[in-house]
file target.cif (mmCIF, C-alpha atoms and all ligand atoms)
data_input
#
loop_
_atom_site.group_PDB
_atom_site.id
_atom_site.type_symbol
_atom_site.label_atom_id
_atom_site.label_comp_id
_atom_site.auth_asym_id
_atom_site.auth_seq_id
_atom_site.Cartn_x
_atom_site.Cartn_y
_atom_site.Cartn_z
ATOM 1 C CA MET A 1 84.806 125.578 54.513
ATOM 2 C CA PRO A 2 86.187 123.933 57.701
ATOM 3 C CA PRO A 3 89.676 122.409 57.340
ATOM 4 C CA ARG A 4 88.353 118.840 57.760
ATOM 5 C CA GLU A 5 85.992 119.189 54.810
ATOM 6 C CA TRP A 6 88.782 120.624 52.702
ATOM 7 C CA LYS A 7 90.946 117.649 53.513
ATOM 8 C CA GLN A 8 88.146 115.249 52.588
ATOM 9 C CA ARG A 9 87.527 117.073 49.317
ATOM 10 C CA VAL A 10 91.216 117.050 48.375
ATOM 11 C CA ALA A 11 91.420 113.347 49.237
ATOM 12 C CA ARG A 12 88.407 112.591 47.008
ATOM 13 C CA VAL A 13 89.892 114.479 44.045
ATOM 14 C CA TYR A 14 93.311 112.925 44.608
ATOM 15 C CA ASP A 15 91.722 109.481 44.784
ATOM 16 C CA ARG A 16 89.977 110.026 41.473
ATOM 17 C CA PHE A 17 93.049 111.035 39.489
ATOM 18 C CA ALA A 18 96.132 109.572 41.171
ATOM 19 C CA PRO A 19 96.898 106.115 39.789
ATOM 20 C CA THR A 20 97.051 103.314 42.344
ATOM 21 C CA VAL A 21 99.924 100.862 42.348
ATOM 22 C CA PRO A 22 99.740 97.294 43.665
ATOM 23 C CA PHE A 23 101.864 96.810 46.770
ATOM 24 C CA ARG A 24 104.062 94.290 44.986
ATOM 25 C CA TYR A 25 105.169 96.897 42.423
ATOM 26 C CA LEU A 26 106.008 99.692 44.840
ATOM 27 C CA PRO A 27 109.653 100.798 44.944
ATOM 28 C CA PRO A 28 111.497 99.323 47.953
ATOM 29 C CA ARG A 29 111.622 102.321 50.297
ATOM 30 C CA GLN A 30 108.010 103.161 49.632
ATOM 31 C CA ALA A 31 106.898 99.553 50.162
ATOM 32 C CA VAL A 32 108.786 99.410 53.460
ATOM 33 C CA ARG A 33 107.345 102.719 54.639
ATOM 34 C CA ILE A 34 103.794 101.678 53.808
ATOM 35 C CA ALA A 35 104.234 98.290 55.460
ATOM 36 C CA PHE A 36 105.517 99.947 58.669
ATOM 37 C CA ASN A 37 102.797 102.606 58.585
ATOM 38 C CA VAL A 38 99.977 100.134 58.062
ATOM 39 C CA ILE A 39 101.098 97.240 60.233
ATOM 40 C CA LEU A 40 103.096 98.841 63.038
ATOM 41 C CA ASP A 41 101.363 102.229 62.892
ATOM 42 C CA ARG A 42 104.699 104.091 62.894
ATOM 43 C CA GLU A 43 107.468 105.311 60.609
ATOM 44 C CA PRO A 44 110.294 102.851 59.976
ATOM 45 C CA ASP A 45 113.300 103.459 62.195
ATOM 46 C CA PRO A 46 116.325 104.368 60.043
ATOM 47 C CA ALA A 47 118.251 101.126 60.562
ATOM 48 C CA GLY A 48 115.283 98.777 60.214
ATOM 49 C CA GLY A 49 113.870 100.654 57.245
ATOM 50 C CA ALA A 50 117.202 100.654 55.414
ATOM 51 C CA GLU A 51 117.756 96.964 56.048
ATOM 52 C CA TYR A 52 114.334 95.947 54.747
ATOM 53 C CA ALA A 53 114.695 98.240 51.708
ATOM 54 C CA GLN A 54 118.086 96.734 50.924
ATOM 55 C CA LYS A 55 116.699 93.191 51.196
ATOM 56 C CA LEU A 56 113.847 94.115 48.895
ATOM 57 C CA ALA A 57 116.192 95.697 46.361
ATOM 58 C CA SER A 58 118.460 92.656 46.359
ATOM 59 C CA GLY A 59 115.564 90.213 46.059
ATOM 60 C CA GLU A 60 116.331 88.587 49.430
ATOM 61 C CA LEU A 61 112.784 89.457 50.572
ATOM 62 C CA THR A 62 109.555 90.070 48.691
ATOM 63 C CA ARG A 63 107.192 92.888 49.634
ATOM 64 C CA HIS A 64 104.801 90.260 50.988
ATOM 65 C CA GLY A 65 107.737 88.849 52.979
ATOM 66 C CA VAL A 66 108.368 92.236 54.612
ATOM 67 C CA ALA A 67 104.685 92.631 55.495
ATOM 68 C CA GLU A 68 104.613 89.088 56.851
ATOM 69 C CA MET A 69 107.623 89.695 59.095
ATOM 70 C CA LEU A 70 106.065 92.843 60.536
ATOM 71 C CA ALA A 71 102.632 91.246 60.964
ATOM 72 C CA HIS A 72 104.143 88.355 62.928
ATOM 73 C CA SER A 73 106.632 90.476 64.863
ATOM 74 C CA GLU A 74 106.715 90.741 68.649
ATOM 75 C CA GLU A 75 106.223 94.477 68.247
ATOM 76 C CA PHE A 76 102.965 93.943 66.402
ATOM 77 C CA ARG A 77 101.668 91.529 69.020
ATOM 78 C CA ARG A 78 102.805 93.502 72.037
ATOM 79 C CA ARG A 79 102.725 97.128 71.036
ATOM 80 C CA VAL A 80 99.997 97.646 68.462
ATOM 81 C CA PRO A 81 96.697 97.763 70.322
ATOM 82 C CA ILE A 82 93.442 96.774 68.683
ATOM 83 C CA GLY A 83 91.468 100.001 68.663
ATOM 84 C CA ASN A 84 88.081 98.491 67.806
ATOM 85 C CA VAL A 85 86.500 96.752 70.797
ATOM 86 C CA LEU A 86 84.390 94.337 68.719
ATOM 87 C CA LEU A 87 87.430 93.321 66.706
ATOM 88 C CA SER A 88 89.362 92.900 69.931
ATOM 89 C CA MET A 89 86.726 90.487 71.273
ATOM 90 C CA HIS A 90 86.736 88.603 67.980
ATOM 91 C CA VAL A 91 90.522 88.213 68.071
ATOM 92 C CA SER A 92 90.332 87.001 71.697
ATOM 93 C CA ARG A 93 87.750 84.374 70.761
ATOM 94 C CA SER A 94 89.788 83.236 67.768
ATOM 95 C CA GLU A 95 92.900 82.756 69.870
ATOM 96 C CA PHE A 96 90.950 80.961 72.570
ATOM 97 C CA VAL A 97 89.284 78.645 70.025
ATOM 98 C CA ALA A 98 92.619 77.767 68.441
ATOM 99 C CA GLY A 99 93.858 76.658 71.863
ATOM 100 C CA LEU A 100 90.892 74.432 72.774
ATOM 101 C CA PRO A 101 91.581 70.707 73.173
ATOM 102 C CA ALA A 102 90.587 68.082 70.611
ATOM 103 C CA ALA A 103 87.058 66.768 71.198
ATOM 104 C CA ALA A 104 84.775 64.433 69.291
ATOM 105 C CA ARG A 105 81.393 65.820 70.479
ATOM 106 C CA ILE A 106 81.137 69.548 70.989
ATOM 107 C CA LEU A 107 78.376 71.841 72.256
ATOM 108 C CA ASP A 108 78.999 75.460 71.247
ATOM 109 C CA LEU A 109 76.779 77.889 73.168
ATOM 110 C CA GLY A 110 76.030 81.038 71.183
ATOM 111 C CA GLY A 111 77.990 79.569 68.300
ATOM 112 C CA THR A 112 76.379 81.119 65.233
ATOM 113 C CA HIS A 113 78.712 82.659 62.684
ATOM 114 C CA GLN A 114 77.785 86.122 61.443
ATOM 115 C CA GLY A 115 77.605 85.082 57.801
ATOM 116 C CA LEU A 116 78.495 81.430 57.278
ATOM 117 C CA PRO A 117 76.165 78.448 57.706
ATOM 118 C CA ASP A 118 78.491 76.106 59.603
ATOM 119 C CA GLY A 119 79.004 78.058 62.809
ATOM 120 C CA ALA A 120 81.737 80.196 64.345
ATOM 121 C CA LEU A 121 83.905 77.484 65.892
ATOM 122 C CA VAL A 122 85.011 76.112 62.527
ATOM 123 C CA HIS A 123 85.821 79.527 61.089
ATOM 124 C CA LEU A 124 87.512 80.923 64.178
ATOM 125 C CA GLY A 125 90.152 78.242 63.780
ATOM 126 C CA TYR A 126 89.194 75.171 65.834
ATOM 127 C CA PRO A 127 92.036 72.886 64.794
ATOM 128 C CA TYR A 128 90.573 69.362 65.041
ATOM 129 C CA PRO A 129 88.021 67.271 63.157
ATOM 130 C CA PHE A 130 84.958 66.311 65.233
ATOM 131 C CA GLU A 131 82.177 63.716 65.087
ATOM 132 C CA ARG A 132 79.399 66.062 66.137
ATOM 133 C CA LEU A 133 79.081 69.786 66.745
ATOM 134 C CA VAL A 134 75.831 71.185 68.118
ATOM 135 C CA VAL A 135 75.565 74.958 67.882
ATOM 136 C CA VAL A 136 73.086 76.465 70.338
ATOM 137 C CA ASP A 137 71.805 79.951 69.619
ATOM 138 C CA LEU A 138 68.705 82.026 70.147
ATOM 139 C CA PRO A 139 65.899 81.815 67.562
ATOM 140 C CA VAL A 140 66.919 84.021 64.611
ATOM 141 C CA ASP A 141 64.466 86.858 65.288
ATOM 142 C CA GLU A 142 65.577 87.131 68.931
ATOM 143 C CA ARG A 143 69.229 87.666 68.036
ATOM 144 C CA ASP A 144 71.103 90.868 67.556
ATOM 145 C CA ALA A 145 70.846 91.880 63.891
ATOM 146 C CA ILE A 146 74.503 91.116 63.198
ATOM 147 C CA TYR A 147 73.935 87.471 64.134
ATOM 148 C CA GLN A 148 70.846 86.944 62.011
ATOM 149 C CA GLY A 149 72.724 86.261 58.782
ATOM 150 C CA GLY A 150 74.358 82.915 59.569
ATOM 151 C CA SER A 151 72.647 79.542 59.760
ATOM 152 C CA ARG A 152 68.886 79.208 59.418
ATOM 153 C CA GLY A 153 69.073 75.901 61.244
ATOM 154 C CA GLU A 154 69.802 73.303 58.552
ATOM 155 C CA PRO A 155 72.459 70.729 59.474
ATOM 156 C CA VAL A 156 75.611 71.089 57.388
ATOM 157 C CA LEU A 157 78.805 69.197 56.783
ATOM 158 C CA SER A 158 81.689 71.535 57.597
ATOM 159 C CA GLU A 159 85.304 70.946 56.707
ATOM 160 C CA LEU A 160 85.828 69.545 60.244
ATOM 161 C CA GLY A 161 82.697 67.446 60.590
ATOM 162 C CA PRO A 162 78.876 67.524 60.802
ATOM 163 C CA VAL A 163 77.220 70.545 62.413
ATOM 164 C CA GLU A 164 73.685 70.673 63.868
ATOM 165 C CA PHE A 165 71.824 73.698 65.166
ATOM 166 C CA ALA A 166 69.482 74.055 68.123
ATOM 167 C CA PHE A 167 67.742 77.377 68.541
ATOM 168 C CA HIS A 168 66.932 77.966 72.204
ATOM 169 C CA SER A 169 68.437 79.838 75.127
ATOM 170 C CA MET A 170 71.756 78.506 76.347
ATOM 171 C CA VAL A 171 70.474 78.948 79.887
ATOM 172 C CA ASP A 172 68.294 75.884 79.365
ATOM 173 C CA LEU A 173 70.479 72.874 78.601
ATOM 174 C CA GLY A 174 68.194 70.316 80.245
ATOM 175 C CA ARG A 175 67.491 68.622 76.902
ATOM 176 C CA TYR A 176 71.073 67.349 76.632
ATOM 177 C CA ASP A 177 71.907 64.108 78.410
ATOM 178 C CA ASP A 178 74.664 64.107 80.985
ATOM 179 C CA GLY A 179 77.994 63.241 79.470
ATOM 180 C CA SER A 180 76.795 63.613 75.899
ATOM 181 C CA PHE A 181 79.538 66.079 74.955
ATOM 182 C CA ASP A 182 83.288 66.076 75.390
ATOM 183 C CA LEU A 183 83.625 69.843 75.132
ATOM 184 C CA VAL A 184 81.164 72.608 75.970
ATOM 185 C CA TYR A 185 82.319 76.023 74.846
ATOM 186 C CA SER A 186 80.708 79.440 74.897
ATOM 187 C CA GLY A 187 82.168 82.041 72.541
ATOM 188 C CA GLN A 188 79.452 84.368 73.759
ATOM 189 C CA SER A 189 81.262 84.496 77.078
ATOM 190 C CA THR A 190 83.892 86.816 75.664
ATOM 191 C CA GLN A 191 81.943 89.831 74.611
ATOM 192 C CA PRO A 192 81.634 93.500 75.333
ATOM 193 C CA ILE A 193 78.856 94.295 77.773
ATOM 194 C CA THR A 194 77.343 97.760 77.853
ATOM 195 C CA LEU A 195 75.855 99.098 81.051
ATOM 196 C CA GLN A 196 72.404 98.847 79.543
ATOM 197 C CA VAL A 197 72.517 95.147 78.685
ATOM 198 C CA ALA A 198 74.936 93.747 81.222
ATOM 199 C CA GLY A 199 72.326 92.418 83.630
ATOM 200 C CA PRO A 200 69.545 90.832 81.587
ATOM 201 C CA THR A 201 71.466 89.179 78.751
ATOM 202 C CA THR A 202 74.414 87.796 80.631
ATOM 203 C CA PRO A 203 73.126 85.553 83.370
ATOM 204 C CA SER A 204 76.582 84.476 84.488
ATOM 205 C CA THR A 205 77.950 87.951 84.874
ATOM 206 C CA VAL A 206 78.435 89.337 88.352
ATOM 207 C CA SER A 207 77.959 93.089 87.958
ATOM 208 C CA PRO A 208 80.992 93.685 85.720
ATOM 209 C CA TRP A 209 80.239 97.370 85.403
ATOM 210 C CA ARG A 210 81.082 97.891 89.059
ATOM 211 C CA ALA A 211 84.695 97.070 88.272
ATOM 212 C CA CYS A 212 84.860 98.987 85.042
ATOM 213 C CA ARG A 213 85.721 102.679 84.895
ATOM 214 C CA ARG A 214 84.584 103.007 81.307
ATOM 215 C CA ARG A 215 81.355 102.116 79.600
ATOM 216 C CA THR A 216 82.249 98.711 78.188
ATOM 217 C CA ALA A 217 83.325 95.590 80.022
ATOM 218 C CA ALA A 218 84.470 92.232 78.720
ATOM 219 C CA SER A 219 83.084 89.195 80.450
ATOM 220 C CA VAL A 220 84.891 85.915 80.688
ATOM 221 C CA SER A 221 82.816 83.295 82.437
ATOM 222 C CA GLY A 222 84.269 80.641 84.629
ATOM 223 C CA PRO A 223 84.113 76.857 84.478
ATOM 224 C CA LYS A 224 80.354 76.564 84.912
ATOM 225 C CA VAL A 225 79.332 78.660 81.916
ATOM 226 C CA PRO A 226 76.895 79.947 81.073
ATOM 227 C CA SER A 227 74.437 80.322 83.926
ATOM 228 C CA THR A 228 76.340 79.848 87.138
ATOM 229 C CA GLY A 229 79.984 80.586 86.422
ATOM 230 C CA MET A 230 82.100 83.043 88.300
ATOM 231 C CA CYS A 231 83.013 86.082 86.305
ATOM 232 C CA SER A 232 85.838 88.499 86.038
ATOM 233 C CA ALA A 233 85.534 91.782 84.235
ATOM 234 C CA CYS A 234 88.034 94.143 82.729
ATOM 235 C CA CYS A 235 87.839 97.554 81.155
ATOM 236 C CA SER A 236 88.023 97.891 77.416
ATOM 237 C CA ARG A 237 90.021 100.552 75.639
ATOM 238 C CA ALA A 238 86.996 101.675 73.713
ATOM 239 C CA GLY A 239 84.953 103.004 76.584
HETATM 240 C C1 LIG B 1 79.355 87.435 70.800
HETATM 241 S S1 LIG B 1 78.419 86.363 69.743
HETATM 242 C C2 LIG B 1 79.541 85.031 69.562
HETATM 243 C C3 LIG B 1 79.374 84.394 68.241
HETATM 244 C C4 LIG B 1 80.369 83.324 67.914
HETATM 245 N N1 LIG B 1 80.239 82.184 68.808
HETATM 246 C C5 LIG B 1 81.797 83.807 67.932
HETATM 247 O O1 LIG B 1 82.577 83.285 68.722
HETATM 248 O O2 LIG B 1 82.165 84.678 67.135
HETATM 249 C C6 LIG B 1 77.199 85.836 70.821
HETATM 250 C C7 LIG B 1 76.233 84.822 70.282
HETATM 251 O O3 LIG B 1 75.514 84.299 71.391
HETATM 252 C C8 LIG B 1 74.152 84.274 71.084
HETATM 253 N N2 LIG B 1 73.418 84.383 72.356
HETATM 254 C C9 LIG B 1 73.311 85.448 73.180
HETATM 255 N N3 LIG B 1 72.564 85.144 74.267
HETATM 256 C C10 LIG B 1 72.185 83.847 74.110
HETATM 257 C C11 LIG B 1 71.398 82.948 74.879
HETATM 258 N N4 LIG B 1 70.866 83.316 76.034
HETATM 259 N N5 LIG B 1 71.225 81.705 74.420
HETATM 260 C C12 LIG B 1 71.773 81.284 73.245
HETATM 261 N N6 LIG B 1 72.547 82.087 72.471
HETATM 262 C C13 LIG B 1 72.742 83.359 72.886
HETATM 263 C C14 LIG B 1 73.948 85.451 70.168
HETATM 264 O O4 LIG B 1 72.782 85.327 69.378
HETATM 265 C C15 LIG B 1 75.227 85.410 69.325
HETATM 266 O O5 LIG B 1 75.090 84.572 68.200
#
call {"tool": "encode", "arguments": {"input": "target.cif", "output": "structure tokens", "more": "lines below"}}
Ligand SMILES: C[S@@+](CC[C@H](N)C(=O)[O-])C[C@H]1O[C@@H](n2cnc3c(N)ncnc32)[C@H](O)[C@@H]1O
result
Amino acid sequence: MPPREWKQRVARVYDRFAPTVPFRYLPPRQAVRIAFNVILDREPDPAGGAEYAQKLASGELTRHGVAEMLAHSEEFRRRVPIGNVLLSMHVSRSEFVAGLPAAARILDLGGTHQGLPDGALVHLGYPYPFERLVVVDLPVDERDAIYQGGSRGEPVLSELGPVEFAFHSMVDLGRYDDGSFDLVYSGQSTQPITLQVAGPTTPSTVSPWRACRRRTAASVSGPKVPSTGMCSACCSRAG
């Protein structure tokens, strides 16, 4: 049996019989090691590990407190890359959404949430209440399968305000009167583009694959999103 299969078999047996322990009950050094391994993807350095273990033992920090410090550390933000390109795009959109300005009337282009009925903007962390949010997206059966599970089009009252849905292409915004929104946002503009789909589905994109050495590009459209904006492209790690 190849070594990989052996490892998988041993792991399965181990998983069946070894008792699991909640993180909050782990002994200090073990809790610190696991927190470093999981969050920073490395072993604790001797000084840092000892200090955290001592603070846990003395009750100065809880295990959750240690994990929280590592998860919000500069090292985590700067040195731990996001290995999954879709997750990376999602994190980028979340951070962008959290930094958007307050607006009363919002048009969100491509704004469906993968599973929730009140749209992505609310759940990605838009910070302000609004008077009206219109989410534009393709008709359900024209969307990628992962975006078919959210809204079916019924208006809903979200925790930030009322949300309406309009299912049509974002390229055609002629039905909206001039000046009828205070903020027009397109989360779809930050997305991985494969060579196969880059042209047809991203009207604003100016040949991003030409600039990209790998197989996936990220597009960020300019001020005139979605159909006429300028575009920059960058290579993703997951090519
Ligand atoms: C990358 S997802 C973004 C979803 C969500 N706004 C977010 O930020 O997580 C892209 C969304 O844009 C929609 N979309 C793609 N092309 C579109 C088009 N031409 N018109 C309207 N919506 C489109 C997709 O159906 C999908 O829901």
call {"tool": "atom_distance", "arguments": {"input": "target.cif", "atom1": "atom CA of Pro22 of chain A", "atom2": "atom CA of Ile82 of chain A"}}
result
25.8 Å
call {"tool": "closest_atom_pairs", "arguments": {"input": "target.cif", "of": "chain A", "to": "ligand LIG 1 (chain B)", "cutoff": "7 Å", "atoms": "all atoms listed in the file", "output": "Markdown table"}}
result
| residue | atom | partner | partner_atom | distance |
| --- | --- | --- | --- | --- |
| A:His90 | CA | B:LIG1 | O2 | 6.1 |
| A:Arg93 | CA | B:LIG1 | O1 | 5.7 |
| A:Leu109 | CA | B:LIG1 | N6 | 6.0 |
| A:Gly110 | CA | B:LIG1 | O3 | 3.3 |
| A:Gly111 | CA | B:LIG1 | N1 | 3.5 |
| A:Thr112 | CA | B:LIG1 | O5 | 4.7 |
| A:His113 | CA | B:LIG1 | C4 | 5.5 |
| A:Ala120 | CA | B:LIG1 | C4 | 4.9 |
| A:Leu121 | CA | B:LIG1 | O1 | 6.6 |
| A:Val136 | CA | B:LIG1 | C12 | 5.8 |
| A:Asp137 | CA | B:LIG1 | N6 | 3.6 |
| A:Leu138 | CA | B:LIG1 | C12 | 4.4 |
| A:Arg143 | CA | B:LIG1 | O4 | 4.5 |
| A:Asp144 | CA | B:LIG1 | O4 | 6.1 |
| A:Tyr147 | CA | B:LIG1 | O5 | 5.1 |
| A:His168 | CA | B:LIG1 | C12 | 6.0 |
| A:Ser169 | CA | B:LIG1 | N5 | 3.4 |
| A:Met170 | CA | B:LIG1 | N5 | 3.8 |
| A:Val171 | CA | B:LIG1 | N4 | 5.8 |
| A:Ser186 | CA | B:LIG1 | N1 | 6.7 |
| A:Gly187 | CA | B:LIG1 | O1 | 4.0 |
| A:Gln188 | CA | B:LIG1 | C6 | 4.0 |
| A:Thr190 | CA | B:LIG1 | C1 | 6.7 |
| A:Gln191 | CA | B:LIG1 | C1 | 5.2 |
| A:Thr201 | CA | B:LIG1 | N3 | 6.1 |
call {"tool": "atom_distance", "arguments": {"input": "target.cif", "atom1": "atom CA of Val122 of chain A", "atom2": "atom CA of Glu159 of chain A"}}
result
7.8 Å
call {"tool": "closest_residue", "arguments": {"input": "target.cif", "among": "A:Tyr126, A:Tyr25, A:Phe76, A:Tyr14", "to": "Asp41 of chain A", "atoms": "only C-alpha atoms"}}
result
A:Phe76
call {"tool": "closest_residue", "arguments": {"input": "target.cif", "among": "A:Leu124, A:Leu107, A:Leu116, A:Leu56", "to": "Ser180 of chain A", "atoms": "only C-alpha atoms"}}
result
A:Leu107
call {"tool": "residues_around", "arguments": {"input": "target.cif", "residues": "Phe130 of chain A", "least_positions_apart": "2", "cutoff": "9 Å", "atoms": "all atoms listed in the file", "output": "list of chain:residue names"}}
result
A:Ala102, A:Ala103, A:Ala104, A:Arg105, A:Ile106, A:Tyr128, A:Arg132, A:Leu133, A:Leu160, A:Gly161, A:Pro162
call {"tool": "residues_around", "arguments": {"input": "target.cif", "residues": "Pro81 of chain A", "least_positions_apart": "3", "cutoff": "10 Å", "atoms": "all atoms listed in the file", "output": "PDB file with C-alpha atoms, keeping the file's coordinate frame"}}
result
ATOM      1  CA  LEU A  40     103.096  98.841  63.038  1.00  0.00           C
ATOM      2  CA  ASP A  41     101.363 102.229  62.892  1.00  0.00           C
ATOM      3  CA  PHE A  76     102.965  93.943  66.402  1.00  0.00           C
ATOM      4  CA  ARG A  77     101.668  91.529  69.020  1.00  0.00           C
ATOM      5  CA  ARG A  78     102.805  93.502  72.037  1.00  0.00           C
ATOM      6  CA  ASN A  84      88.081  98.491  67.806  1.00  0.00           C
ATOM      7  CA  SER A  88      89.362  92.900  69.931  1.00  0.00           C
ATOM      8  CA  ARG A 237      90.021 100.552  75.639  1.00  0.00           C
TER       9      ARG A 237
END
call {"tool": "atom_distance", "arguments": {"input": "target.cif", "atom1": "atom CA of Pro27 of chain A", "atom2": "atom CA of Ala53 of chain A"}}
result
8.8 Å
call {"tool": "resolve_selection", "arguments": {"input": "target.cif", "expression": "the PyMOL selection byres (((chain A and resi 164) around 9) and not hetatm)", "output": "ChimeraX atom specification"}}
result
/A:118,132-136,153-157,162-163,165-166
call {"tool": "residues_around", "arguments": {"input": "target.cif", "residues": "Gly49 of chain A", "least_positions_apart": "2", "cutoff": "12 Å", "atoms": "all atoms listed in the file", "output": "VMD selection string"}}
result
chain A and resid 28 to 37 42 to 47 51 to 56 66 70
call {"tool": "residues_around", "arguments": {"input": "target.cif", "residues": "Gln148 of chain A", "least_positions_apart": "6", "cutoff": "8 Å", "atoms": "all atoms listed in the file", "output": "PyMOL selection string"}}
result
chain A and resi 114+140-141
call {"tool": "axis_aligned_box", "arguments": {"input": "target.cif", "around": "segment 117-131 of chain A", "padding_each_side": "6 Å", "output": "lines of an AutoDock Vina configuration file"}}
result
center_x = 84.1
center_y = 72.3
center_z = 61.8
size_x = 27.9
size_y = 29.2
size_z = 20.2
call {"tool": "closest_residue", "arguments": {"input": "target.cif", "among": "A:Met1, A:Val80, A:Glu75, A:Pro127", "to": "Ser94 of chain A", "atoms": "only C-alpha atoms"}}
result
A:Pro127
